[in-house]
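Note: the block below is input.pdb and it holds PDB, C-alpha atoms, pLDDT in the B column.
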ATOM      1  CA  LEU A   1     -17.689  -6.917  -7.947  1.00 85.00           C
ATOM      2  CA  THR A   2     -14.825  -4.816  -6.634  1.00 91.00           C
ATOM      3  CA  VAL A   3     -12.168  -3.851  -9.138  1.00 94.00           C
ATOM      4  CA  THR A   4      -8.760  -3.904  -7.448  1.00 96.00           C
ATOM      5  CA  ILE A   5      -5.879  -1.919  -8.912  1.00 98.00           C
ATOM      6  CA  LEU A   6      -2.329  -2.743  -7.807  1.00 98.00           C
ATOM      7  CA  PHE A   7       0.411  -0.129  -8.064  1.00 98.00           C
ATOM      8  CA  PRO A   8       3.879  -1.717  -7.613  1.00 97.00           C
ATOM      9  CA  GLY A   9       6.826   0.113  -6.111  1.00 95.00           C
ATOM     10  CA  ALA A  10       9.908   1.467  -7.853  1.00 90.00           C
ATOM     11  CA  GLY A  11      11.129  -2.005  -8.800  1.00 89.00           C
ATOM     12  CA  GLY A  12       8.021  -2.671 -10.878  1.00 93.00           C
ATOM     13  CA  VAL A  13       6.288  -6.031 -11.122  1.00 96.00           C
ATOM     14  CA  ASP A  14       8.035  -8.840  -9.242  1.00 95.00           C
ATOM     15  CA  GLU A  15       7.067 -12.255  -7.873  1.00 95.00           C
ATOM     16  CA  LEU A  16       5.364 -10.768  -4.783  1.00 96.00           C
ATOM     17  CA  VAL A  17       3.272  -8.362  -6.876  1.00 97.00           C
ATOM     18  CA  LEU A  18       2.163 -11.317  -9.018  1.00 97.00           C
ATOM     19  CA  GLU A  19       1.355 -13.312  -5.875  1.00 97.00           C
ATOM     20  CA  LEU A  20      -0.674 -10.379  -4.589  1.00 97.00           C
ATOM     21  CA  GLN A  21      -2.549 -10.255  -7.885  1.00 97.00           C
ATOM     22  CA  ARG A  22      -3.365 -13.966  -7.632  1.00 96.00           C
ATOM     23  CA  SER A  23      -4.755 -13.392  -4.124  1.00 95.00           C
ATOM     24  CA  HIS A  24      -7.148 -10.763  -5.544  1.00 92.00           C
ATOM     25  CA  PRO A  25      -8.771 -12.456  -8.576  1.00 86.00           C
ATOM     26  CA  SER A  26     -10.389  -9.305  -9.971  1.00 88.00           C
ATOM     27  CA  SER A  27      -7.197  -7.255  -9.758  1.00 96.00           C
ATOM     28  CA  ILE A  28      -5.270  -5.402 -12.413  1.00 97.00           C
ATOM     29  CA  ILE A  29      -1.609  -4.406 -12.139  1.00 98.00           C
ATOM     30  CA  VAL A  30      -0.770  -0.915 -13.332  1.00 97.00           C
ATOM     31  CA  ASP A  31       2.963  -1.055 -13.974  1.00 96.00           C
ATOM     32  CA  TRP A  32       3.601   2.666 -13.925  1.00 94.00           C
ATOM     33  CA  LYS A  33       7.397   2.298 -13.984  1.00 88.00           C
ATOM     34  CA  SER A  34       7.706   3.808 -17.473  1.00 85.00           C
ATOM     35  CA  TYR A  35       5.849   6.946 -16.286  1.00 84.00           C
ATOM     36  CA  ARG A  36       8.098   7.418 -13.279  1.00 81.00           C
ATOM     37  CA  GLY A  37      10.821   9.993 -13.725  1.00 77.00           C
ATOM     38  CA  SER A  38      13.636  10.325 -11.224  1.00 80.00           C
ATOM     39  CA  ILE A  39      13.553   9.572  -7.537  1.00 79.00           C
ATOM     40  CA  LEU A  40      12.915  13.293  -7.041  1.00 82.00           C
ATOM     41  CA  THR A  41       9.744  13.240  -9.133  1.00 89.00           C
ATOM     42  CA  ALA A  42       8.440   9.694  -8.495  1.00 92.00           C
ATOM     43  CA  ALA A  43       5.867  10.802  -5.919  1.00 94.00           C
ATOM     44  CA  TYR A  44       4.467  13.530  -8.191  1.00 94.00           C
ATOM     45  CA  ASP A  45       4.497  11.190 -11.195  1.00 95.00           C
ATOM     46  CA  GLY A  46       2.703   8.542  -9.129  1.00 96.00           C
ATOM     47  CA  GLU A  47       0.010  11.000  -8.086  1.00 96.00           C
ATOM     48  CA  ALA A  48      -0.619  11.918 -11.726  1.00 96.00           C
ATOM     49  CA  VAL A  49      -0.889   8.231 -12.703  1.00 97.00           C
ATOM     50  CA  GLY A  50      -3.276   7.541  -9.817  1.00 97.00           C
ATOM     51  CA  GLU A  51      -5.532  10.465 -10.674  1.00 96.00           C
ATOM     52  CA  GLY A  52      -5.588   9.358 -14.320  1.00 96.00           C
ATOM     53  CA  ILE A  53      -6.569   5.797 -13.409  1.00 97.00           C
ATOM     54  CA  ALA A  54      -9.288   7.047 -11.061  1.00 96.00           C
ATOM     55  CA  ASN A  55     -10.663   9.201 -13.872  1.00 95.00           C
ATOM     56  CA  LEU A  56     -10.762   6.207 -16.243  1.00 95.00           C
ATOM     57  CA  LEU A  57     -12.630   4.137 -13.638  1.00 95.00           C
ATOM     58  CA  ARG A  58     -14.952   6.860 -12.372  1.00 92.00           C
ATOM     59  CA  ASP A  59     -18.082   4.855 -13.236  1.00 92.00           C
ATOM     60  CA  ALA A  60     -16.968   1.632 -11.523  1.00 92.00           C
ATOM     61  CA  PRO A  61     -19.267   0.882  -8.571  1.00 91.00           C
ATOM     62  CA  SER A  62     -16.605  -0.513  -6.238  1.00 93.00           C
ATOM     63  CA  LEU A  63     -12.855   0.155  -6.299  1.00 96.00           C
ATOM     64  CA  HIS A  64      -9.898  -0.902  -4.197  1.00 96.00           C
ATOM     65  CA  PHE A  65      -6.496   0.698  -4.782  1.00 98.00           C
ATOM     66  CA  ILE A  66      -3.390  -1.013  -3.395  1.00 98.00           C
ATOM     67  CA  GLY A  67      -0.055   0.799  -3.351  1.00 98.00           C
ATOM     68  CA  ILE A  68       3.300  -0.807  -2.640  1.00 98.00           C
ATOM     69  CA  SER A  69       6.151   1.411  -1.429  1.00 97.00           C
ATOM     70  CA  VAL A  70       6.324   4.501  -3.711  1.00 96.00           C
ATOM     71  CA  GLY A  71       3.261   3.091  -5.519  1.00 97.00           C
ATOM     72  CA  GLY A  72       1.410   4.354  -2.449  1.00 98.00           C
ATOM     73  CA  PHE A  73       1.394   7.792  -4.075  1.00 98.00           C
ATOM     74  CA  CYS A  74      -0.527   6.329  -7.041  1.00 98.00           C
ATOM     75  CA  ALA A  75      -2.991   4.452  -4.844  1.00 98.00           C
ATOM     76  CA  ASN A  76      -3.614   7.353  -2.474  1.00 98.00           C
ATOM     77  CA  ALA A  77      -4.235   9.821  -5.313  1.00 97.00           C
ATOM     78  CA  ALA A  78      -6.582   7.355  -7.024  1.00 97.00           C
ATOM     79  CA  ALA A  79      -8.518   6.605  -3.834  1.00 97.00           C
ATOM     80  CA  CYS A  80      -8.856  10.289  -2.957  1.00 95.00           C
ATOM     81  CA  ALA A  81     -10.115  11.093  -6.460  1.00 95.00           C
ATOM     82  CA  SER A  82     -12.744   8.327  -6.255  1.00 93.00           C
ATOM     83  CA  GLN A  83     -16.049   8.504  -4.448  1.00 82.00           C
ATOM     84  CA  THR A  84     -15.846   5.532  -2.083  1.00 85.00           C
ATOM     85  CA  ALA A  85     -12.714   3.578  -2.946  1.00 94.00           C
ATOM     86  CA  GLN A  86     -10.909   1.430  -0.425  1.00 95.00           C
ATOM     87  CA  LEU A  87      -7.199   2.220  -0.006  1.00 97.00           C
ATOM     88  CA  THR A  88      -4.504  -0.237   1.058  1.00 97.00           C
ATOM     89  CA  LEU A  89      -0.909   0.913   1.523  1.00 98.00           C
ATOM     90  CA  LEU A  90       1.800  -1.723   1.867  1.00 98.00           C
ATOM     91  CA  ASP A  91       4.903  -0.236   3.509  1.00 98.00           C
ATOM     92  CA  PRO A  92       4.466   3.004   1.568  1.00 98.00           C
ATOM     93  CA  PHE A  93       7.392   5.290   0.896  1.00 96.00           C
ATOM     94  CA  CYS A  94       6.326   8.662   2.292  1.00 97.00           C
ATOM     95  CA  GLY A  95       8.898  11.135   1.006  1.00 94.00           C
ATOM     96  CA  ARG A  96       7.790  13.543  -1.703  1.00 93.00           C
ATOM     97  CA  GLY A  97      10.851  15.011  -3.355  1.00 87.00           C
ATOM     98  CA  VAL A  98      13.664  16.121  -1.071  1.00 86.00           C
ATOM     99  CA  LEU A  99      11.851  18.770   0.903  1.00 90.00           C
ATOM    100  CA  GLN A 100       8.814  16.768   2.026  1.00 92.00           C
ATOM    101  CA  PRO A 101      10.035  13.596   3.792  1.00 90.00           C
ATOM    102  CA  ASN A 102       6.813  13.318   5.834  1.00 92.00           C
ATOM    103  CA  TYR A 103       4.336  14.126   3.069  1.00 96.00           C
ATOM    104  CA  GLY A 104       2.837  10.642   2.924  1.00 96.00           C
ATOM    105  CA  ARG A 105       2.770  10.302   6.681  1.00 96.00           C
ATOM    106  CA  MET A 106       0.648  13.424   6.989  1.00 96.00           C
ATOM    107  CA  ASN A 107      -1.489  12.981   3.859  1.00 97.00           C
ATOM    108  CA  PHE A 108      -1.972   9.303   2.961  1.00 98.00           C
ATOM    109  CA  GLY A 109      -5.575   8.388   3.702  1.00 97.00           C
ATOM    110  CA  LYS A 110      -6.469  11.935   4.750  1.00 95.00           C
ATOM    111  CA  ASP A 111      -8.869  12.734   1.911  1.00 93.00           C
ATOM    112  CA  CYS A 112     -10.145   9.227   1.213  1.00 91.00           C
ATOM    113  CA  ARG A 113     -13.887   8.756   1.366  1.00 88.00           C
ATOM    114  CA  GLY A 114     -13.552   4.981   1.874  1.00 90.00           C
ATOM    115  CA  THR A 115     -11.455   3.005   4.336  1.00 92.00           C
ATOM    116  CA  ALA A 116      -7.664   3.345   4.455  1.00 96.00           C
ATOM    117  CA  LEU A 117      -5.503   0.433   5.607  1.00 97.00           C
ATOM    118  CA  HIS A 118      -1.752   0.676   6.192  1.00 98.00           C
ATOM    119  CA  ILE A 119       0.397  -2.441   6.678  1.00 98.00           C
ATOM    120  CA  LEU A 120       3.971  -1.833   7.773  1.00 97.00           C
ATOM    121  CA  ASN A 121       7.001  -3.246   9.468  1.00 97.00           C
ATOM    122  CA  THR A 122       9.220  -0.995  11.514  1.00 96.00           C
ATOM    123  CA  ASP A 123      12.619  -2.544  10.904  1.00 95.00           C
ATOM    124  CA  ASP A 124      13.344  -2.425   7.201  1.00 93.00           C
ATOM    125  CA  PRO A 125      16.083  -0.204   5.727  1.00 94.00           C
ATOM    126  CA  VAL A 126      13.860   1.914   3.460  1.00 95.00           C
ATOM    127  CA  PRO A 127      13.551   5.480   4.796  1.00 94.00           C
ATOM    128  CA  THR A 128      10.143   7.009   5.574  1.00 95.00           C
ATOM    129  CA  THR A 129       8.363   3.616   5.685  1.00 96.00           C
ATOM    130  CA  ASN A 130       8.669   2.640   9.342  1.00 96.00           C
ATOM    131  CA  GLU A 131       6.029   4.753  11.107  1.00 96.00           C
ATOM    132  CA  ALA A 132       2.263   4.295  11.336  1.00 97.00           C
ATOM    133  CA  LEU A 133       0.192   6.665   9.219  1.00 97.00           C
ATOM    134  CA  PRO A 134      -2.208   8.672  11.406  1.00 97.00           C
ATOM    135  CA  ASN A 135      -4.993   8.874   8.790  1.00 97.00           C
ATOM    136  CA  CYS A 136      -5.117   5.091   8.284  1.00 97.00           C
ATOM    137  CA  PHE A 137      -5.942   1.975  10.244  1.00 96.00           C
ATOM    138  CA  CYS A 138      -2.502   0.416  10.741  1.00 97.00           C
ATOM    139  CA  LEU A 139      -1.331  -3.138  11.125  1.00 97.00           C
ATOM    140  CA  ASP A 140       2.276  -3.441  12.257  1.00 97.00           C
ATOM    141  CA  VAL A 141       3.432  -6.887  11.098  1.00 97.00           C
ATOM    142  CA  THR A 142       7.023  -6.545  12.347  1.00 97.00           C
ATOM    143  CA  ARG A 143       6.537  -9.292  14.943  1.00 97.00           C
ATOM    144  CA  ALA A 144       3.886 -11.357  13.161  1.00 96.00           C
ATOM    145  CA  ALA A 145       4.437 -15.086  13.732  1.00 96.00           C
ATOM    146  CA  GLN A 146       4.253 -15.773   9.977  1.00 95.00           C
ATOM    147  CA  ARG A 147       7.347 -13.644   9.427  1.00 96.00           C
ATOM    148  CA  ASP A 148       9.579 -16.420  10.740  1.00 96.00           C
ATOM    149  CA  ASP A 149       8.886 -18.347   7.514  1.00 95.00           C
ATOM    150  CA  PHE A 150       9.322 -15.390   5.152  1.00 96.00           C
ATOM    151  CA  VAL A 151      12.369 -15.166   2.918  1.00 95.00           C
ATOM    152  CA  PRO A 152      12.634 -11.936   0.891  1.00 94.00           C
ATOM    153  CA  PRO A 153      12.994 -12.359  -2.860  1.00 92.00           C
ATOM    154  CA  GLU A 154      16.580 -12.267  -4.071  1.00 91.00           C
ATOM    155  CA  GLY A 155      17.970  -8.740  -3.938  1.00 90.00           C
ATOM    156  CA  ASP A 156      15.101  -7.503  -1.764  1.00 92.00           C
ATOM    157  CA  THR A 157      14.867  -6.664   1.946  1.00 95.00           C
ATOM    158  CA  MET A 158      12.238  -7.017   4.653  1.00 96.00           C
ATOM    159  CA  HIS A 159      10.600  -3.990   2.997  1.00 97.00           C
ATOM    160  CA  SER A 160       8.704  -6.623   0.992  1.00 97.00           C
ATOM    161  CA  TRP A 161       7.338  -8.433   4.085  1.00 98.00           C
ATOM    162  CA  PRO A 162       4.121  -6.327   4.333  1.00 98.00           C
ATOM    163  CA  VAL A 163       3.300  -7.264   0.709  1.00 98.00           C
ATOM    164  CA  ALA A 164       3.792 -10.960   1.446  1.00 97.00           C
ATOM    165  CA  TYR A 165       1.765 -10.698   4.671  1.00 97.00           C
ATOM    166  CA  TYR A 166      -1.127  -9.037   2.870  1.00 97.00           C
ATOM    167  CA  ALA A 167      -1.099 -11.538  -0.011  1.00 96.00           C
ATOM    168  CA  ARG A 168      -0.745 -14.646   2.151  1.00 96.00           C
ATOM    169  CA  HIS A 169      -2.360 -13.971   5.513  1.00 95.00           C
ATOM    170  CA  HIS A 170      -4.447 -10.813   5.811  1.00 92.00           C
ATOM    171  CA  ARG A 171      -7.725 -12.118   4.391  1.00 87.00           C
ATOM    172  CA  SER A 172      -7.827 -14.887   6.994  1.00 87.00           C
ATOM    173  CA  THR A 173      -7.607 -12.468   9.949  1.00 88.00           C
ATOM    174  CA  LYS A 174     -10.345 -10.528  11.709  1.00 87.00           C
ATOM    175  CA  TRP A 175      -8.585  -7.333  10.613  1.00 88.00           C
ATOM    176  CA  ALA A 176      -9.673  -7.977   7.008  1.00 87.00           C
ATOM    177  CA  ASP A 177     -13.097  -6.596   7.985  1.00 86.00           C
ATOM    178  CA  PRO A 178     -13.152  -2.917   6.862  1.00 83.00           C
ATOM    179  CA  SER A 179     -15.709  -2.074   9.567  1.00 84.00           C
ATOM    180  CA  LEU A 180     -12.862  -2.461  12.098  1.00 86.00           C
ATOM    181  CA  HIS A 181     -10.613   0.024  10.279  1.00 89.00           C
ATOM    182  CA  VAL A 182     -10.492   3.043  12.561  1.00 91.00           C
ATOM    183  CA  PRO A 183      -8.103   5.792  11.380  1.00 93.00           C
ATOM    184  CA  GLY A 184      -5.227   6.305  13.773  1.00 93.00           C
ATOM    185  CA  ARG A 185      -5.565   2.882  15.377  1.00 93.00           C
ATOM    186  CA  VAL A 186      -2.396   0.759  15.365  1.00 94.00           C
ATOM    187  CA  ILE A 187      -2.538  -2.995  15.937  1.00 94.00           C
ATOM    188  CA  GLN A 188       0.623  -5.003  16.604  1.00 95.00           C
ATOM    189  CA  VAL A 189       0.129  -8.326  14.818  1.00 95.00           C
ATOM    190  CA  GLU A 190       1.866 -11.174  16.624  1.00 92.00           C
TER     191      GLU A 190
END

Write-out of the structure in structure tokens:
Amino acid sequence: LTVTILFPGAGGVDELVLELQRSHPSSIIVDWKSYRGSILTAAYDGEAVGEGIANLLRDAPSLHFIGISVGGFCANAAACASQTAQLTLLDPFCGRGVLQPNYGRMNFGKDCRGTALHILNTDDPVPTTNEALPNCFCLDVTRAAQRDDFVPPEGDTMHSWPVAYYARHHRSTKWADPSLHVPGRVIQVE
């Protein structure tokens, strides 16, 4: 049994995070919002949370860490601190403080011993989230056919589309097979 840990973004748990949890029956949501300081420290705080969770689960035989937006810092740190964890990043925010806007782009998935999957769209308004991560297998869902039926939750933007895609459609595609996840490969889903 794979234990799946979900790390929401800055907004915390919302309807899409709960939908994602329902699509992964053995998943646990770590709402790390109360441990997040300011926008300047969120990435560092997320890394500390991720490392702590990985330490608590160090004896689990199979782990999957999923990070949404800035929660990608939690998931990446947890996956890199684990022996063979799978990493999934859903439109991760990549800026670390003010001086490292490309930190996530250069480091997410880099030190993971398991597979690293990145699902993104390239047209949302959130900075640092619209480019493929070179250390991950990337699915660009910007032009996915299913997007035509997607309506963002109230107050949200298309930044939430990769979360909805992953929860609703990813498992039914051939790309759900981790053996196809080649770092640096980008697939345009249509």

Residues near Tyr165 of chain A, anyone? I mean within 9 Å using only C-alpha atoms, not counting same-chain ones fewer than 2 positions away, as a count of residues only. 14

Using only C-alpha atoms, give me every residue within 7 Å of (-4.8, 0.6, 7.3) in file coordinates, as JSON, numbers by chain. {"A": [88, 89, 116, 117, 118, 119, 136, 137, 138, 139, 181]}

Counting only C-alpha atoms, which residues sit no farther than 12 Å from the position (-13.7, 11.9, -13.1) in the file's frame? I'd like them as a ChimeraX atom specification. /A:50-60,78-83

Write to file, as a short mmCIF file (atom, residue, chain, number, x, y, z; two decimals), in the frame of the given file, the residues of the selection just made, with C-alpha atoms.
data_model
loop_
_atom_site.label_atom_id
_atom_site.label_comp_id
_atom_site.auth_asym_id
_atom_site.auth_seq_id
_atom_site.Cartn_x
_atom_site.Cartn_y
_atom_site.Cartn_z
CA GLY A 50 -3.28 7.54 -9.82
CA GLU A 51 -5.53 10.46 -10.67
CA GLY A 52 -5.59 9.36 -14.32
CA ILE A 53 -6.57 5.80 -13.41
CA ALA A 54 -9.29 7.05 -11.06
CA ASN A 55 -10.66 9.20 -13.87
CA LEU A 56 -10.76 6.21 -16.24
CA LEU A 57 -12.63 4.14 -13.64
CA ARG A 58 -14.95 6.86 -12.37
CA ASP A 59 -18.08 4.86 -13.24
CA ALA A 60 -16.97 1.63 -11.52
CA ALA A 78 -6.58 7.36 -7.02
CA ALA A 79 -8.52 6.60 -3.83
CA CYS A 80 -8.86 10.29 -2.96
CA ALA A 81 -10.12 11.09 -6.46
CA SER A 82 -12.74 8.33 -6.26
CA GLN A 83 -16.05 8.50 -4.45
#

Expressed in Å to a single decimal, how great is the separation between atom CA of Gln86 of chain A and atom CA of Ile28 of chain A? 14.9 Å

Atom CA of His64 of chain A and atom CA of Ile29 of chain A, how far apart in Å? 12.0 Å

Identify all residues satisfying the PyMOL selection byres ((chain A and resi 95-107) around 7) in the given file; provide them as a PyMOL selection string. chain A and resi 40-41+43+93-94+108-110+128+133

Keeping only C-alpha atoms, write the selected residues to a file as a PDB file, keeping the file's coordinate frame.
ATOM      1  CA  LEU A  40      12.915  13.293  -7.041  1.00 82.00           C
ATOM      2  CA  THR A  41       9.744  13.240  -9.133  1.00 89.00           C
ATOM      3  CA  ALA A  43       5.867  10.802  -5.919  1.00 94.00           C
ATOM      4  CA  PHE A  93       7.392   5.290   0.896  1.00 96.00           C
ATOM      5  CA  CYS A  94       6.326   8.662   2.292  1.00 97.00           C
ATOM      6  CA  PHE A 108      -1.972   9.303   2.961  1.00 98.00           C
ATOM      7  CA  GLY A 109      -5.575   8.388   3.702  1.00 97.00           C
ATOM      8  CA  LYS A 110      -6.469  11.935   4.750  1.00 95.00           C
ATOM      9  CA  THR A 128      10.143   7.009   5.574  1.00 95.00           C
ATOM     10  CA  LEU A 133       0.192   6.665   9.219  1.00 97.00           C
TER      11      LEU A 133
END

Just the residues within 8 Å of Gly12 of chain A, please, counting all atoms listed in the file, with nothing from its chain fewer than 2 positions along; format it as a list in words.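 Selected residues are Pro8, Gly9, Ala10, Asp14, Asp31, Trp32 and Lys33 of chain A.
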
Could you dump the residues just selected with C-alpha atoms as a short mmCIF file (atom, residue, chain, number, x, y, z; two decimals), in the frame of the given file?
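This went into again27.cif:
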data_model
loop_
_atom_site.label_atom_id
_atom_site.label_comp_id
_atom_site.auth_asym_id
_atom_site.auth_seq_id
_atom_site.Cartn_x
_atom_site.Cartn_y
_atom_site.Cartn_z
CA PRO A 8 3.88 -1.72 -7.61
CA GLY A 9 6.83 0.11 -6.11
CA ALA A 10 9.91 1.47 -7.85
CA ASP A 14 8.04 -8.84 -9.24
CA ASP A 31 2.96 -1.06 -13.97
CA TRP A 32 3.60 2.67 -13.92
CA LYS A 33 7.40 2.30 -13.98
#

Expand the PyMOL selection byres ((chain A and resi 45) around 10) into the individual residues it matches in the shown file, reporting them as a ChimeraX atom specification. /A:32-33,35-44,46-50,71,73-74

Quick one: distance from atom CA of Thr142 of chain A to atom CA of Pro178 of chain A in Å, one decimal?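 Rounded to one decimal, the two atoms are 21.2 Å apart.
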
Choose the residue, out of A:Asp177, A:Leu87, A:Glu15, A:Arg185, that has the smallest atom-to-atom separation from Gly114 of chain A; count all atoms listed in the file.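 Ranking A:Asp177, A:Leu87, A:Glu15, A:Arg185 by distance to Gly114 of chain A, first place goes to A:Leu87.
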
Name the residues captured by the PyMOL selection byres ((chain A and resi 69) around 7) when it is applied to the shown file; answer as a PDB file with C-alpha atoms, in the frame of the given file.
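That gives us part_11.pdb:
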ATOM      1  CA  GLY A   9       6.826   0.113  -6.111  1.00 95.00           C
ATOM      2  CA  GLY A  67      -0.055   0.799  -3.351  1.00 98.00           C
ATOM      3  CA  ILE A  68       3.300  -0.807  -2.640  1.00 98.00           C
ATOM      4  CA  VAL A  70       6.324   4.501  -3.711  1.00 96.00           C
ATOM      5  CA  GLY A  71       3.261   3.091  -5.519  1.00 97.00           C
ATOM      6  CA  GLY A  72       1.410   4.354  -2.449  1.00 98.00           C
ATOM      7  CA  LEU A  90       1.800  -1.723   1.867  1.00 98.00           C
ATOM      8  CA  ASP A  91       4.903  -0.236   3.509  1.00 98.00           C
ATOM      9  CA  PRO A  92       4.466   3.004   1.568  1.00 98.00           C
ATOM     10  CA  PHE A  93       7.392   5.290   0.896  1.00 96.00           C
TER      11      PHE A  93
END
